[in-house]
Amino acid sequence: MPLPADTDPKLAAYAHPERLVTTQWLEDHLGDDGLVVLECNEDVLLYHTGHIPGARKLDWHIDLNDEVARDYIDAEGFARMCAARGIGRDTTVVIYGDNFNWWAAYALWVFSLFGHPDVRLLDGGRAAWAAEGRAMTTDEPQVAPADYPIVQRDDEAIRAFKEDVLAHIGQGPLVDVRSPGEFTGELLHMPDYPQEGVQRGGHVPTASSVPWKRAANEDGTFKTADELRAIYADEIGLEPSDEVITYCRIGERSSHTWFVLTHLLGFEHVRNYDGSWVEWGNAVRVPIEKP
Amino acid sequence: MDRALPPRLQAIVDEFAECDRTERLDLLLEYANGLPPLPERLAGQDLERVHECQTPLFVQAEVDDADRVRLFFAAPDEAPTSKGFAGIIQAGLDGASVEEVLATPSEFAMGMGLAEVVSPLRMRSTGAILARIKRQLVERAPDAAS
């Protein structure tokens with residue numbers, strides 16, 4: 001049985017308010033049967049310095065990626081990962097994390113690849129919870145393993161590959177959510193600083209630049225539905241029926257924007273290109289636009 | 001590894017290698033908490049950022065009057081992994097000679113068994129921190145490097 005949705009008025013204005021919860025809702029429901037809270041951070045140790053009571057750790061490097069191929073875990077791996085955290089197929093999963101929920105949004109997107117029915121993000125993430133002085137603990141919960149079925153990953157609907165992006169140029173909108181310096185390619189030319197092994201700078205031809213952070217307030221919460229529409233609809237002309245592809249560097253910041261477009265604004269056909277610039281900027285003979 | 005590590009750094013590497021997975025994370029957290037704060041004279045200064053670390057980390061390597069390497073780091077509390085790596089390097093190499101630091105192989109952390117709990121990609125930070133320390137030392141003490 002899924003938990004009730006958060007009826008907070010800010011969330012009610014979003015297309016799918018059931019995909020987001022406020023810190024107050026989470027505090028009220030901590031310990032409820034059928035709820036598992038996951039913390040997913042950029043920093044792998046941060047969970048151990050303190051987390052929301054009962055929250056379980058999920059590391060995007062170690063727990064979500066295949067150890068050998070550059071790909072996500074398979075159906076068996078996903079079932080094992082969920083089961084170990086006490087998650088069943090009907091569990092309500094709330095994910096939060098550091099750094100504006102980048103990796104929390106990424107984890108939510110991976111849960112969506114496996115079609116987990118009820119997965120939600122904590123608005124504002126770890127920073128908002130901590131700033132409000134809500135309880136945190138270093139105690140790690142004792143977890144009773146659950147049963148999770150083997151469900152195959154579906155990469156069709158919300159994941160884009162390099163070939164999809166190539167075919168999309170000139171056919172539909174691409175949203176580059178990296179910083180302006182990465183979009184123009186100038187960051188590759190900063191002296192002395194290795195740029196994560198990417199050989200070429202610039203962006204995918206026809207992509208619009210909308211840095212991910214424009215969707216967030218300084219406290220880490222999402223902007224209101226009206227503010228988001230002003231950016232994505234009014235400014236760059238996206239429509240909810242458009243087939244949109246988002247990308248960044250390795251797919252984490254673009255998961256944030258994917259969440260905004262899909263769940264907050266109700267776009268039906270948004271795919272996240274997780275290969276992103278680390279793949280595109282190293283690929284042979286793909287077109288690159290650079291001012 | 002071909003080259004020997006400075007004894008204190010070697011002891012830390014061995015300490016990690018003897019732990020199990022859970023203990024390794026706890027130990028890394030101890031090194032994060034044990035990282036000395038930035039001295040007042042360096043606070044507010046423009047220190048070199050280690051861009052290879054996922055979370056912010058700044059490093060300053062100096063050579064004191066006794067020709068010993070002194071290492072200073074700044075990292076926010078929200079970045080315990082970077083702080084932990086810095087804490088290991090600070091505890092292992094602060095007070096060593098310039099020659100010893102320059103001779104420390106950048107893959108020194110390979111034998112710690114941390115990659116399986118921290119991920120191999122994140123472990124690259126340790127080599128990057130050391131590389132930046134070495135470059136600063138060469139710039140500050142060119143004689144010792146030649």
# chains A, B, ... in the order shown; residues from 1 in each chain; ligands from 1

$ interface_residues --of "chain B" --to "chain A" --cutoff "8 Å" --atoms "only C-alpha atoms" --output "list of chain:residue names"
B:Leu25, B:Leu29, B:His51, B:Glu52, B:Gln54, B:Thr55, B:Glu78, B:Ala79, B:Pro80, B:Thr81, B:Glu116, B:Val117, B:Val118, B:Ser119

$ write_last_selection --atoms "all heavy atoms" --output "CSV table (one decimal), in the first residue's frame"
chain,number,residue,atom,x,y,z
B,25,LEU,N,35.5,2.4,6.2
B,25,LEU,CA,34.7,3.7,6.1
B,25,LEU,C,34.8,4.4,7.4
B,25,LEU,O,35.0,5.7,7.4
B,25,LEU,CB,33.3,3.4,5.8
B,25,LEU,CG,32.9,3.1,4.3
B,25,LEU,CD1,31.4,3.0,4.1
B,25,LEU,CD2,33.4,4.3,3.4
B,29,LEU,N,36.5,8.1,8.0
B,29,LEU,CA,35.8,9.2,8.7
B,29,LEU,C,36.7,9.8,9.8
B,29,LEU,O,36.7,11.0,10.1
B,29,LEU,CB,34.5,8.7,9.2
B,29,LEU,CG,33.4,9.7,9.6
B,29,LEU,CD1,33.1,10.7,8.5
B,29,LEU,CD2,32.2,9.0,10.0
B,51,HIS,N,40.7,20.1,-8.4
B,51,HIS,CA,39.5,20.0,-9.2
B,51,HIS,C,39.1,18.5,-9.4
B,51,HIS,O,37.9,18.2,-9.8
B,51,HIS,CB,39.6,20.7,-10.5
B,51,HIS,CG,39.5,22.2,-10.4
B,51,HIS,ND1,38.3,22.8,-10.7
B,51,HIS,CD2,40.3,23.1,-9.9
B,51,HIS,CE1,38.5,24.1,-10.5
B,51,HIS,NE2,39.7,24.3,-10.0
B,52,GLU,N,40.0,17.6,-9.3
B,52,GLU,CA,39.7,16.2,-9.5
B,52,GLU,C,38.8,15.6,-8.4
B,52,GLU,O,38.2,14.5,-8.6
B,52,GLU,CB,41.0,15.4,-9.6
B,52,GLU,CG,41.9,15.8,-10.8
B,52,GLU,CD,42.8,16.9,-10.5
B,52,GLU,OE1,42.6,17.6,-9.4
B,52,GLU,OE2,43.7,17.2,-11.3
B,54,GLN,N,35.5,15.3,-6.2
B,54,GLN,CA,34.1,15.6,-6.5
B,54,GLN,C,33.6,16.7,-5.7
B,54,GLN,O,32.8,17.5,-6.1
B,54,GLN,CB,33.3,14.3,-6.3
B,54,GLN,CG,33.5,13.3,-7.3
B,54,GLN,CD,32.5,12.2,-7.2
B,54,GLN,OE1,31.8,12.0,-6.2
B,54,GLN,NE2,32.3,11.5,-8.3
B,55,THR,N,34.1,16.7,-4.5
B,55,THR,CA,33.6,17.8,-3.5
B,55,THR,C,34.8,18.7,-3.2
B,55,THR,O,36.0,18.3,-3.4
B,55,THR,CB,33.1,17.1,-2.2
B,55,THR,OG1,34.0,16.1,-1.8
B,55,THR,CG2,31.7,16.5,-2.5
B,78,GLU,N,30.7,19.2,4.7
B,78,GLU,CA,29.8,18.4,3.9
B,78,GLU,C,30.6,17.6,2.9
B,78,GLU,O,30.0,16.9,2.0
B,78,GLU,CB,28.9,19.3,3.1
B,78,GLU,CG,28.0,20.2,3.9
B,78,GLU,CD,28.8,21.5,4.3
B,78,GLU,OE1,29.2,22.2,3.4
B,78,GLU,OE2,29.1,21.7,5.5
B,79,ALA,N,31.9,17.6,2.9
B,79,ALA,CA,32.8,16.9,2.0
B,79,ALA,C,33.7,15.9,2.8
B,79,ALA,O,34.9,16.0,2.6
B,79,ALA,CB,33.6,17.8,1.1
B,80,PRO,N,33.1,15.0,3.6
B,80,PRO,CA,34.0,14.2,4.4
B,80,PRO,C,35.0,13.3,3.6
B,80,PRO,O,36.0,13.0,4.1
B,80,PRO,CB,33.0,13.4,5.3
B,80,PRO,CG,31.7,13.4,4.5
B,80,PRO,CD,31.7,14.8,3.8
B,81,THR,N,34.6,12.8,2.4
B,81,THR,CA,35.5,11.9,1.7
B,81,THR,C,36.7,12.7,1.3
B,81,THR,O,37.9,12.2,1.5
B,81,THR,CB,34.8,11.4,0.5
B,81,THR,OG1,33.6,10.7,0.9
B,81,THR,CG2,35.7,10.4,-0.2
B,116,GLU,N,36.9,-0.5,-3.1
B,116,GLU,CA,35.6,-1.3,-3.1
B,116,GLU,C,34.5,-0.6,-2.3
B,116,GLU,O,33.4,-0.9,-2.5
B,116,GLU,CB,35.9,-2.7,-2.6
B,116,GLU,CG,36.5,-2.8,-1.2
B,116,GLU,CD,36.9,-4.2,-0.9
B,116,GLU,OE1,38.1,-4.5,-1.2
B,116,GLU,OE2,36.2,-4.9,-0.3
B,117,VAL,N,34.9,0.2,-1.4
B,117,VAL,CA,33.9,0.9,-0.6
B,117,VAL,C,33.7,2.4,-1.0
B,117,VAL,O,32.7,3.0,-0.7
B,117,VAL,CB,34.2,0.9,1.0
B,117,VAL,CG1,34.0,-0.5,1.5
B,117,VAL,CG2,35.6,1.4,1.3
B,118,VAL,N,34.7,2.9,-1.7
B,118,VAL,CA,34.6,4.3,-2.1
B,118,VAL,C,34.4,4.5,-3.6
B,118,VAL,O,34.0,5.5,-4.1
B,118,VAL,CB,35.8,5.1,-1.6
B,118,VAL,CG1,36.0,6.4,-2.2
B,118,VAL,CG2,35.8,5.2,-0.1
B,119,SER,N,34.7,3.4,-4.3
B,119,SER,CA,34.7,3.4,-5.8
B,119,SER,C,36.0,3.8,-6.4
B,119,SER,O,36.6,4.8,-5.9
B,119,SER,CB,33.5,4.2,-6.4
B,119,SER,OG,33.9,5.5,-6.7

$ residues_around --residues "range 74-81 of chain A" --least-positions-apart "3" --cutoff "6 Å" --atoms "only C-alpha atoms" --output "list in words"
Ala84, Tyr148, Ile150, Val151 and Gln152 of chain A

$ write_last_selection --atoms "C-alpha atoms" --output "PDB file, in the first residue's frame"
ATOM      1  CA  ALA A  84      18.872  -5.558   1.093  1.00  0.00           C
ATOM      2  CA  TYR A 148      11.878  -7.769  -4.542  1.00  0.00           C
ATOM      3  CA  ILE A 150      13.114  -9.610 -10.860  1.00  0.00           C
ATOM      4  CA  VAL A 151      11.839  -6.845 -13.119  1.00  0.00           C
ATOM      5  CA  GLN A 152      13.707  -6.108 -16.358  1.00  0.00           C
TER       6      GLN A 152
END

$ residues_around --residues "Met136 in chain A" --least-positions-apart "3" --cutoff "8 Å" --atoms "only C-alpha atoms" --output "ChimeraX atom specification"
/A:50-53,130

$ write_last_selection --atoms "N, CA, C and O atoms" --output "PDB file, in the first residue's frame"
ATOM      1  N   GLY A  50      25.930  11.500   9.634  1.00  0.00           N
ATOM      2  CA  GLY A  50      24.596  11.822  10.135  1.00  0.00           C
ATOM      3  C   GLY A  50      23.591  11.775   8.996  1.00  0.00           C
ATOM      4  O   GLY A  50      23.908  12.192   7.882  1.00  0.00           O
ATOM      5  N   HIS A  51      22.419  11.200   9.276  1.00  0.00           N
ATOM      6  CA  HIS A  51      21.382  11.077   8.253  1.00  0.00           C
ATOM      7  C   HIS A  51      20.016  11.107   8.927  1.00  0.00           C
ATOM      8  O   HIS A  51      19.926  11.076  10.158  1.00  0.00           O
ATOM      9  N   ILE A  52      18.985  11.156   8.134  1.00  0.00           N
ATOM     10  CA  ILE A  52      17.621  11.135   8.666  1.00  0.00           C
ATOM     11  C   ILE A  52      17.408   9.780   9.358  1.00  0.00           C
ATOM     12  O   ILE A  52      17.776   8.739   8.801  1.00  0.00           O
ATOM     13  N   PRO A  53      16.853   9.778  10.574  1.00  0.00           N
ATOM     14  CA  PRO A  53      16.689   8.525  11.306  1.00  0.00           C
ATOM     15  C   PRO A  53      15.987   7.456  10.465  1.00  0.00           C
ATOM     16  O   PRO A  53      14.928   7.717   9.886  1.00  0.00           O
ATOM     17  N   ALA A 130      18.479  19.504   7.142  1.00  0.00           N
ATOM     18  CA  ALA A 130      19.455  19.911   8.156  1.00  0.00           C
ATOM     19  C   ALA A 130      19.241  21.370   8.552  1.00  0.00           C
ATOM     20  O   ALA A 130      19.297  21.717   9.742  1.00  0.00           O
TER      21      ALA A 130
END

$ atom_distance --atom1 "CA of His116 in chain A" --atom2 "CA of Asn41 in chain A"
20.2 Å

$ residues_around --residues "Ala32 in chain B" --least-positions-apart "2" --cutoff "9 Å" --atoms "only C-alpha atoms" --output "PyMOL selection string"
chain B and resi 27-30+34-35+77+79-88

$ residues_around --residues "range 272-286 of chain A" --least-positions-apart "3" --cutoff "10 Å" --atoms "only C-alpha atoms" --output "PyMOL selection string"
chain A and resi 70-71+106+109+157-166+174-176+178+182-183+185+195-205+244-259

$ residues_around --residues "Ile12 in chain B" --least-positions-apart "3" --cutoff "8 Å" --atoms "only C-alpha atoms" --output "MDAnalysis selection string"
chainID B and resid 8:9 15:16 88 92

$ closest_residue --among "B:Ala96, B:Ala11, B:Ala141, B:Leu38" --to "Val59 in chain B" --atoms "only C-alpha atoms"
B:Leu38

$ atom_distance --atom1 "CA of Arg19 in chain A" --atom2 "CA of Asp154 in chain A"
19.5 Å

$ residues_around --residues "range 121-133 of chain B" --least-positions-apart "3" --cutoff "7 Å" --atoms "only C-alpha atoms" --output "list in words"
Val50, Glu52, Cys53, Ala61, Phe85, Ser106, Glu107, Ala109, Ala115, Val118, Gln136 and Leu137 of chain B

$ closest_residue --among "A:Phe267, A:Trp103, A:Trp25, A:Phe222" --to "Gly124 in chain A" --atoms "only C-alpha atoms"
A:Phe222

$ select_by_dssp --residues "range 23-121 of chain B" --states "strand (DSSP E)" --output "list in words"
Glu48, Arg49, Phe58, Val59, Gln60, Ala61, Glu62, Val63, Val69, Arg70, Leu71, Phe72, Phe73 and Ala74 of chain B

$ write_last_selection --atoms "all heavy atoms" --output "compact mmCIF listing (two decimals), in the first residue's frame"
# COMPACT_ATOMS: atom_id res chain seq x y z
N GLU B 48 44.97 26.60 -3.81
CA GLU B 48 44.74 25.83 -5.03
C GLU B 48 43.65 24.79 -4.80
O GLU B 48 43.71 24.00 -3.86
CB GLU B 48 46.04 25.13 -5.45
CG GLU B 48 45.86 24.25 -6.68
CD GLU B 48 47.18 23.70 -7.23
OE1 GLU B 48 48.24 24.15 -6.76
OE2 GLU B 48 47.12 22.83 -8.09
N ARG B 49 42.69 24.77 -5.69
CA ARG B 49 41.61 23.78 -5.57
C ARG B 49 41.99 22.50 -6.29
O ARG B 49 42.53 22.53 -7.40
CB ARG B 49 40.31 24.34 -6.17
CG ARG B 49 39.22 23.30 -6.12
CD ARG B 49 37.83 23.83 -6.30
NE ARG B 49 36.90 22.69 -6.23
CZ ARG B 49 35.60 22.78 -6.35
NH1 ARG B 49 35.03 23.93 -6.52
NH2 ARG B 49 34.85 21.69 -6.28
N PHE B 58 40.88 22.17 -0.97
CA PHE B 58 41.93 23.12 -1.31
C PHE B 58 43.20 22.71 -0.59
O PHE B 58 43.16 22.25 0.55
CB PHE B 58 41.51 24.53 -0.89
CG PHE B 58 40.25 25.00 -1.56
CD1 PHE B 58 39.01 24.68 -1.02
CD2 PHE B 58 40.30 25.72 -2.74
CE1 PHE B 58 37.83 25.08 -1.65
CE2 PHE B 58 39.13 26.13 -3.37
CZ PHE B 58 37.91 25.81 -2.83
N VAL B 59 44.33 22.87 -1.26
CA VAL B 59 45.59 22.40 -0.68
C VAL B 59 46.69 23.44 -0.83
O VAL B 59 46.77 24.16 -1.83
CB VAL B 59 46.03 21.06 -1.33
CG1 VAL B 59 46.24 21.21 -2.83
CG2 VAL B 59 47.31 20.53 -0.67
N GLN B 60 47.53 23.52 0.22
CA GLN B 60 48.71 24.37 0.19
C GLN B 60 49.88 23.55 0.73
O GLN B 60 49.81 23.02 1.85
CB GLN B 60 48.47 25.60 1.07
CG GLN B 60 49.70 26.44 1.30
CD GLN B 60 49.74 27.67 0.41
OE1 GLN B 60 49.07 27.72 -0.62
NE2 GLN B 60 50.52 28.64 0.80
N ALA B 61 50.95 23.43 -0.06
CA ALA B 61 52.15 22.71 0.37
C ALA B 61 53.28 23.72 0.54
O ALA B 61 53.54 24.52 -0.37
CB ALA B 61 52.52 21.65 -0.66
N GLU B 62 53.92 23.68 1.71
CA GLU B 62 55.01 24.62 1.97
C GLU B 62 56.24 23.84 2.45
O GLU B 62 56.13 22.67 2.83
CB GLU B 62 54.59 25.63 3.04
CG GLU B 62 53.38 26.46 2.62
CD GLU B 62 52.94 27.44 3.71
OE1 GLU B 62 53.54 27.42 4.81
OE2 GLU B 62 52.00 28.20 3.45
N VAL B 63 57.38 24.51 2.46
CA VAL B 63 58.60 23.92 3.00
C VAL B 63 59.06 24.84 4.13
O VAL B 63 59.23 26.04 3.92
CB VAL B 63 59.71 23.82 1.93
CG1 VAL B 63 60.95 23.13 2.51
CG2 VAL B 63 59.20 23.06 0.71
N VAL B 69 58.37 19.35 4.76
CA VAL B 69 57.14 19.69 4.03
C VAL B 69 56.00 19.90 5.02
O VAL B 69 55.80 19.11 5.93
CB VAL B 69 56.76 18.55 3.05
CG1 VAL B 69 55.40 18.81 2.41
CG2 VAL B 69 57.84 18.41 1.98
N ARG B 70 55.28 21.00 4.86
CA ARG B 70 54.11 21.27 5.69
C ARG B 70 52.89 21.32 4.78
O ARG B 70 52.90 22.01 3.76
CB ARG B 70 54.26 22.60 6.44
CG ARG B 70 55.52 22.71 7.29
CD ARG B 70 55.70 21.52 8.23
NE ARG B 70 54.51 21.14 8.97
CZ ARG B 70 54.14 21.67 10.14
NH1 ARG B 70 54.86 22.63 10.69
NH2 ARG B 70 53.07 21.25 10.74
N LEU B 71 51.86 20.59 5.15
CA LEU B 71 50.67 20.48 4.30
C LEU B 71 49.46 21.06 4.99
O LEU B 71 49.21 20.79 6.17
CB LEU B 71 50.40 19.01 3.96
CG LEU B 71 51.53 18.31 3.19
CD1 LEU B 71 51.21 16.82 3.05
CD2 LEU B 71 51.72 18.94 1.82
N PHE B 72 48.71 21.87 4.26
CA PHE B 72 47.52 22.52 4.80
C PHE B 72 46.35 22.28 3.86
O PHE B 72 46.49 22.39 2.64
CB PHE B 72 47.76 24.01 4.99
CG PHE B 72 48.98 24.30 5.82
CD1 PHE B 72 50.19 24.63 5.21
CD2 PHE B 72 48.94 24.21 7.20
CE1 PHE B 72 51.33 24.88 5.97
CE2 PHE B 72 50.06 24.45 7.97
CZ PHE B 72 51.27 24.79 7.36
N PHE B 73 45.20 21.98 4.44
CA PHE B 73 44.02 21.69 3.61
C PHE B 73 42.80 22.45 4.12
O PHE B 73 42.69 22.73 5.32
CB PHE B 73 43.68 20.19 3.67
CG PHE B 73 44.74 19.30 3.09
CD1 PHE B 73 45.74 18.76 3.89
CD2 PHE B 73 44.74 18.99 1.74
CE1 PHE B 73 46.71 17.92 3.36
CE2 PHE B 73 45.70 18.16 1.20
CZ PHE B 73 46.69 17.62 2.02
N ALA B 74 41.91 22.73 3.21
CA ALA B 74 40.60 23.27 3.58
C ALA B 74 39.53 22.51 2.81
O ALA B 74 39.66 22.30 1.60
CB ALA B 74 40.52 24.76 3.25

$ atom_distance --atom1 "CA of Glu23 in chain B" --atom2 "CA of Leu108 in chain A"
28.9 Å

$ select_by_dssp --residues "chain B" --states "helix (DSSP H, G or I)" --output "PyMOL selection string"
chain B and resi 7-17+21-34+40-42+80-93+98-103+108-112+115-118+120-140+142-145
